[in-house]
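A.B. asks: What follows is data-v2.txt, compact mmCIF, C-alpha atoms.
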```txt
# COMPACT_ATOMS: atom_id res chain seq x y z
CA MET H 268 13.71 -1.10 14.87
CA LYS H 269 13.07 0.16 11.36
CA GLN H 270 11.09 -2.45 9.39
CA VAL H 271 9.98 -0.45 6.35
CA HIS H 272 12.04 2.12 4.40
CA ASN H 273 9.11 3.57 2.45
CA PHE H 274 5.51 3.06 1.38
CA ARG H 275 3.99 3.67 -2.04
CA ALA H 276 0.32 3.36 -2.95
CA ARG H 277 -0.87 3.70 -6.53
CA ILE H 278 -4.33 3.81 -8.10
CA ILE H 279 -5.11 3.93 -11.82
CA SER H 280 -8.72 4.77 -12.62
CA LEU H 281 -11.09 6.70 -14.83
CA ASP H 282 -12.63 8.17 -11.65
CA LYS H 283 -10.50 11.01 -10.25
CA ALA H 284 -12.87 11.59 -7.32
CA MET H 285 -12.58 7.95 -6.23
CA ILE H 286 -8.78 8.16 -6.23
CA GLU H 287 -8.86 11.31 -4.10
CA ALA H 288 -11.42 9.79 -1.71
CA ALA H 289 -9.37 6.60 -1.27
CA PHE H 290 -6.18 8.50 -0.41
CA GLU H 291 -8.07 10.85 1.91
CA LYS H 292 -9.60 7.83 3.67
CA LEU H 293 -6.17 6.24 4.11
CA GLN H 294 -4.77 9.48 5.53
CA SER H 295 -7.73 9.96 7.86
CA ASP H 296 -7.64 6.39 9.14
CA ALA H 297 -3.86 6.32 9.66
CA GLY H 298 -3.75 9.78 11.23
CA TYR H 299 -0.70 11.18 9.48
CA LYS H 300 -0.55 14.81 8.37
CA ARG H 301 -0.97 15.63 4.69
CA GLU H 302 2.47 17.29 4.57
CA GLU H 303 4.12 14.07 5.81
CA ALA H 304 3.37 12.39 2.48
CA THR H 305 3.72 13.18 -1.20
CA LEU H 306 0.55 12.77 -3.25
CA THR H 307 0.59 13.16 -7.02
CA LEU H 308 -2.33 12.98 -9.39
CA LYS H 309 -1.63 12.75 -13.11
CA HIS H 310 -4.06 12.92 -15.99
CA ASP H 311 -3.16 10.70 -18.96
CA GLU H 312 -4.87 10.44 -22.28
CA ASP H 313 -4.56 7.41 -24.49
CA THR H 314 -5.81 7.30 -28.04
CA THR H 315 -7.14 3.75 -27.61
CA TYR H 316 -8.82 4.05 -24.22
CA ASP H 317 -10.69 6.67 -22.25
CA THR H 318 -8.81 9.28 -20.29
CA PHE H 319 -7.52 7.88 -17.02
CA TRP H 320 -5.99 9.18 -13.82
CA ILE H 321 -2.95 7.92 -11.91
CA GLY H 322 -2.75 8.74 -8.23
CA GLU H 323 0.37 7.94 -6.23
CA LEU H 324 1.07 8.35 -2.52
CA TRP H 325 4.67 8.23 -1.28
CA ILE H 326 5.73 8.12 2.39
CA GLU H 327 9.35 7.97 3.57
CA ASN H 328 9.30 9.50 7.06
CA GLN H 329 9.23 6.95 9.86
CA GLN H 330 6.44 8.48 11.96
CA PRO H 331 3.76 8.31 9.22
CA LEU H 332 5.18 4.96 8.08
CA ARG H 333 4.60 3.52 11.55
CA LYS H 334 1.04 4.90 11.49
CA ILE H 335 0.33 3.29 8.10
CA MET H 336 1.79 -0.05 9.21
CA ARG H 337 -0.16 0.05 12.48
CA LEU H 338 -3.35 0.79 10.51
CA LEU H 339 -2.77 -2.14 8.14
CA ASN H 340 -1.94 -4.44 11.03
CA GLU H 341 -5.09 -3.44 12.94
CA ARG H 342 -7.54 -3.36 10.03
CA LEU H 343 -6.52 -6.30 7.84
CA SER H 344 -8.34 -9.48 8.77
CA ALA H 345 -6.50 -12.36 10.40
CA GLU H 346 -7.06 -14.30 7.18
CA ASP H 347 -5.41 -11.59 5.05
CA LYS H 348 -2.49 -11.23 7.47
CA ASN H 349 -2.01 -15.01 7.45
CA ASN H 350 -2.09 -14.93 3.65
CA LEU H 351 0.69 -12.31 3.64
CA LYS H 352 2.77 -14.34 6.11
CA GLU H 353 2.22 -17.80 4.66
CA ASN H 354 2.69 -16.70 1.04
CA ALA H 355 5.36 -14.09 1.74
CA SER H 356 7.62 -15.37 -1.03
CA ARG H 357 4.88 -14.52 -3.57
CA PHE H 358 4.53 -10.96 -2.26
CA ILE H 359 8.25 -10.08 -2.00
CA ASP H 360 10.72 -9.67 -4.85
CA ILE H 361 14.51 -10.06 -4.77
CA SER H 362 14.91 -6.31 -4.13
CA THR H 363 13.02 -6.68 -0.80
CA HIS H 364 9.90 -4.90 -2.06
CA CYS H 365 6.58 -6.27 -0.87
CA PHE H 366 3.68 -5.90 -3.31
CA PHE H 367 -0.01 -6.39 -2.57
CA ARG H 368 -3.33 -4.75 -3.40
CA LEU H 369 -6.13 -3.36 -1.26
CA ASN H 370 -9.76 -3.43 -2.33
CA ILE H 371 -10.76 0.22 -2.90
CA GLU H 372 -14.52 -0.30 -2.51
CA ALA H 373 -13.96 -2.05 0.83
CA LEU H 374 -11.51 0.65 1.94
CA LEU H 375 -14.07 3.38 1.25
CA ALA H 376 -16.60 1.33 3.26
CA ASP H 377 -14.16 1.29 6.23
CA GLN H 378 -12.93 -2.26 5.64
CA TYR H 379 -9.37 -3.17 4.76
CA GLU H 380 -8.96 -6.31 2.68
CA LEU H 381 -6.54 -7.69 0.16
CA ALA H 382 -7.74 -7.58 -3.43
CA VAL H 383 -7.21 -9.93 -6.33
CA HIS H 384 -8.85 -7.75 -8.99
CA ASN H 385 -7.70 -4.66 -10.87
CA ASP H 386 -9.97 -2.13 -9.14
CA SER H 387 -7.54 -1.78 -6.28
CA MET H 388 -4.90 0.29 -4.55
CA HIS H 389 -1.48 -1.14 -5.41
CA ILE H 390 0.80 -1.10 -2.36
CA ARG H 391 4.58 -1.37 -2.39
CA LEU H 392 6.54 -1.57 0.85
CA ASN H 393 10.32 -1.37 0.75
CA ILE H 394 11.17 -3.83 3.52
CA ALA H 395 14.14 -2.93 5.73
CA ALA H 396 16.05 -6.20 5.73
CA PHE H 397 19.76 -6.60 6.51
CA PRO H 398 21.41 -7.99 4.61
CA ALA H 399 18.94 -7.05 1.89
CA THR H 400 17.87 -10.49 0.71
CA LYS H 401 14.48 -11.92 -0.12
CA ASP H 402 14.74 -14.43 2.74
CA ASN H 403 15.46 -11.68 5.28
CA ALA H 404 12.64 -9.55 3.89
CA ILE H 405 10.25 -12.52 4.32
CA LYS H 406 11.26 -12.75 7.99
CA VAL H 407 10.60 -9.01 8.50
CA LEU H 408 7.22 -9.22 6.73
CA ARG H 409 6.17 -12.08 9.01
CA GLU H 410 7.11 -9.93 12.02
CA LEU H 411 5.12 -6.98 10.64
CA PHE H 412 1.88 -8.93 10.38
```
For the file at hand, write its structure as structure tokens.
C.D. replies:
Amino acid sequence: MKQVHNFRARIISLDKAMIEAAFEKLQSDAGYKREEATLTLKHDEDTTYDTFWIGELWIENQQPLRKIMRLLNERLSAEDKNNLKENASRFIDISTHCFFRLNIEALLADQYELAVHNDSMHIRLNIAAFPATKDNAIKVLRELF
């Protein structure tokens, strides 16, 4: 049964190489092919701040989606998975999108953990809930983890 419609990961950083390394690590660990996902890397300049990079990974096909979800389920700690389940209403909006962040430094060190700081990979899952309500999305999220 389809539980996730799509997956988006986004990183905003001054360090382009770190963004590329984080997405390569995610791809390598999940085992999907590069052509099964869309990766964009944009260079933005702001007059107030230093130049920064925005990297975004988009996956819609079910086979790589299942690989990503299996990876998250296997690598997140029991504590992080319980946090997602117990506080599901905080992670899901009324449009059935689930938002959370992964610690980039931990990810590059082969550990997957939820992050509470800004130096992170922002994840958005579009939960496949029918009917598409927040309550139904919460139930699906609890089944995922």
A.B. asks: Given the choices H:Asp377, H:Glu346, H:Asp317, H:Asp402, which gets closest to Ile359 (chain H) if the distance is worked out from all atoms listed in the file?
C.D. replies: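 Using all atoms listed in the file, Ile359 (chain H) sits closest to H:Asp402.
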A.B. asks: Which distance in Å separates CA of Leu343 (chain H) and CA of Tyr379 (chain H), to one decimal?
C.D. replies: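 Taking CA of Leu343 (chain H) and CA of Tyr379 (chain H), their separation equals 5.2 Å.
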A.B. asks: Using only C-alpha atoms for the distances, tell me which of H:Arg409, H:Lys269, H:Arg368, H:Lys283 is nearest to Lys309 (chain H).
C.D. replies: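 Smallest distance to Lys309 (chain H) is found for H:Lys283.
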A.B. asks: Nearest to Asn354 (chain H) among H:His384, H:His310, H:Lys406, H:Arg333, with distances taken over only C-alpha atoms: which residue is it?
C.D. replies: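 Closest to Asn354 (chain H), using only C-alpha atoms: H:Lys406.
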A.B. asks: Please provide the set of residues having any atom within 10 Å of Asp386 (chain H), restricted to all atoms listed in the file, with same-chain residues fewer than 2 positions apart removed, written as an mmCIF file with C-alpha atoms, keeping the file's coordinate frame.
C.D. replies:
```
data_model
loop_
_atom_site.group_PDB
_atom_site.id
_atom_site.type_symbol
_atom_site.label_atom_id
_atom_site.label_comp_id
_atom_site.auth_asym_id
_atom_site.auth_seq_id
_atom_site.Cartn_x
_atom_site.Cartn_y
_atom_site.Cartn_z
ATOM 1 C CA ILE H 278 -4.330 3.810 -8.100
ATOM 2 C CA ILE H 279 -5.110 3.930 -11.820
ATOM 3 C CA SER H 280 -8.720 4.770 -12.620
ATOM 4 C CA ARG H 368 -3.330 -4.750 -3.400
ATOM 5 C CA LEU H 369 -6.130 -3.360 -1.260
ATOM 6 C CA ASN H 370 -9.760 -3.430 -2.330
ATOM 7 C CA ILE H 371 -10.760 0.220 -2.900
ATOM 8 C CA GLU H 372 -14.520 -0.300 -2.510
ATOM 9 C CA ALA H 382 -7.740 -7.580 -3.430
ATOM 10 C CA VAL H 383 -7.210 -9.930 -6.330
ATOM 11 C CA HIS H 384 -8.850 -7.750 -8.990
ATOM 12 C CA MET H 388 -4.900 0.290 -4.550
ATOM 13 C CA HIS H 389 -1.480 -1.140 -5.410
#
```
A.B. asks: In Å to one decimal, how far is CA of Gly298 (chain H) from CA of Leu332 (chain H)?
C.D. replies: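 So the two atoms, CA of Leu332 (chain H) and CA of Gly298 (chain H), lie 10.6 Å apart.
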A.B. asks: Provide the CA of Asp360 (chain H) to CA of Gln330 (chain H) distance in Å, to one decimal place.
C.D. replies: 25.1 Å
A.B. asks: Considering only C-alpha atoms, state which residue in the set H:Asp311, H:Glu303, H:Asp282, H:Glu380 is at the smallest distance from Glu327 (chain H).
C.D. replies: H:Glu303
A.B. asks: Taking all atoms listed in the file into account, which of H:Lys292, H:Arg277, H:Arg342, H:Lys348 comes nearest Ser387 (chain H)?
C.D. replies: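 Under the stated criterion, the closest residue is H:Arg277.
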A.B. asks: Can you work out which one of H:Leu381, H:Leu392, H:Ile361, H:Met336 has the shortest atom-to-atom distance to Arg275 (chain H), counting only C-alpha atoms?
C.D. replies: H:Leu392
A.B. asks: Find the residues around Gln329 (chain H) up to 12 Å (only C-alpha atoms counted), leave out those fewer than 5 positions away in its own chain, and share them as a PyMOL selection string.
C.D. replies: chain H and resi 268-274+299+303-304+334-337+395
A.B. asks: Could you give me, as a list of chain:residue names, the residues that sit within 10 Å of (2.6, -6.7, 5.5) in the file's coordinates, counting only C-alpha atoms?
C.D. replies: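 These residues have at least one counted atom within 10 Å: H:Val271, H:Met336, H:Leu339, H:Asn340, H:Leu343, H:Asp347, H:Lys348, H:Asn349, H:Asn350, H:Leu351, H:Lys352, H:Ala355, H:Phe358, H:Ile359, H:Cys365, H:Phe366, H:Phe367, H:Ile390, H:Arg391, H:Leu392, H:Ile394, H:Ile405, H:Val407, H:Leu408, H:Arg409, H:Glu410, H:Leu411, H:Phe412.
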A.B. asks: Could you give me, as a list in words, the residues that have an atom at most 6 Å away from the point (13.6, -9.3, 2.2) in the coordinates of the file, using all atoms listed in the file?
C.D. replies: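 Neighbouring residues, ordered by chain and number, come to Thr363, Ala396, Ala399, Thr400, Lys401, Asp402, Asn403, Ala404 and Ile405 of chain H.
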A.B. asks: Store the residues of this selection in a file with C-alpha atoms, as a PDB file, in the coordinates of the input.
C.D. replies:
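And here's part_15.pdb as it stands now:
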```
ATOM      1  CA  THR H 363      13.020  -6.680  -0.800  1.00  0.00           C
ATOM      2  CA  ALA H 396      16.050  -6.200   5.730  1.00  0.00           C
ATOM      3  CA  ALA H 399      18.940  -7.050   1.890  1.00  0.00           C
ATOM      4  CA  THR H 400      17.870 -10.490   0.710  1.00  0.00           C
ATOM      5  CA  LYS H 401      14.480 -11.920  -0.120  1.00  0.00           C
ATOM      6  CA  ASP H 402      14.740 -14.430   2.740  1.00  0.00           C
ATOM      7  CA  ASN H 403      15.460 -11.680   5.280  1.00  0.00           C
ATOM      8  CA  ALA H 404      12.640  -9.550   3.890  1.00  0.00           C
ATOM      9  CA  ILE H 405      10.250 -12.520   4.320  1.00  0.00           C
TER      10      ILE H 405
END
```
A.B. asks: Edge lengths and centre in Å to one decimal, as AutoDock Vina command-line options, is what I'm after for the box along x, y and z that holds all listed atoms of region 361-374 of chain H once 5 Å is added on each side.
C.D. replies:
```
--center_x 0.2 --center_y -4.7 --center_z -1.4 --size_x 39.4 --size_y 20.7 --size_z 16.7
```
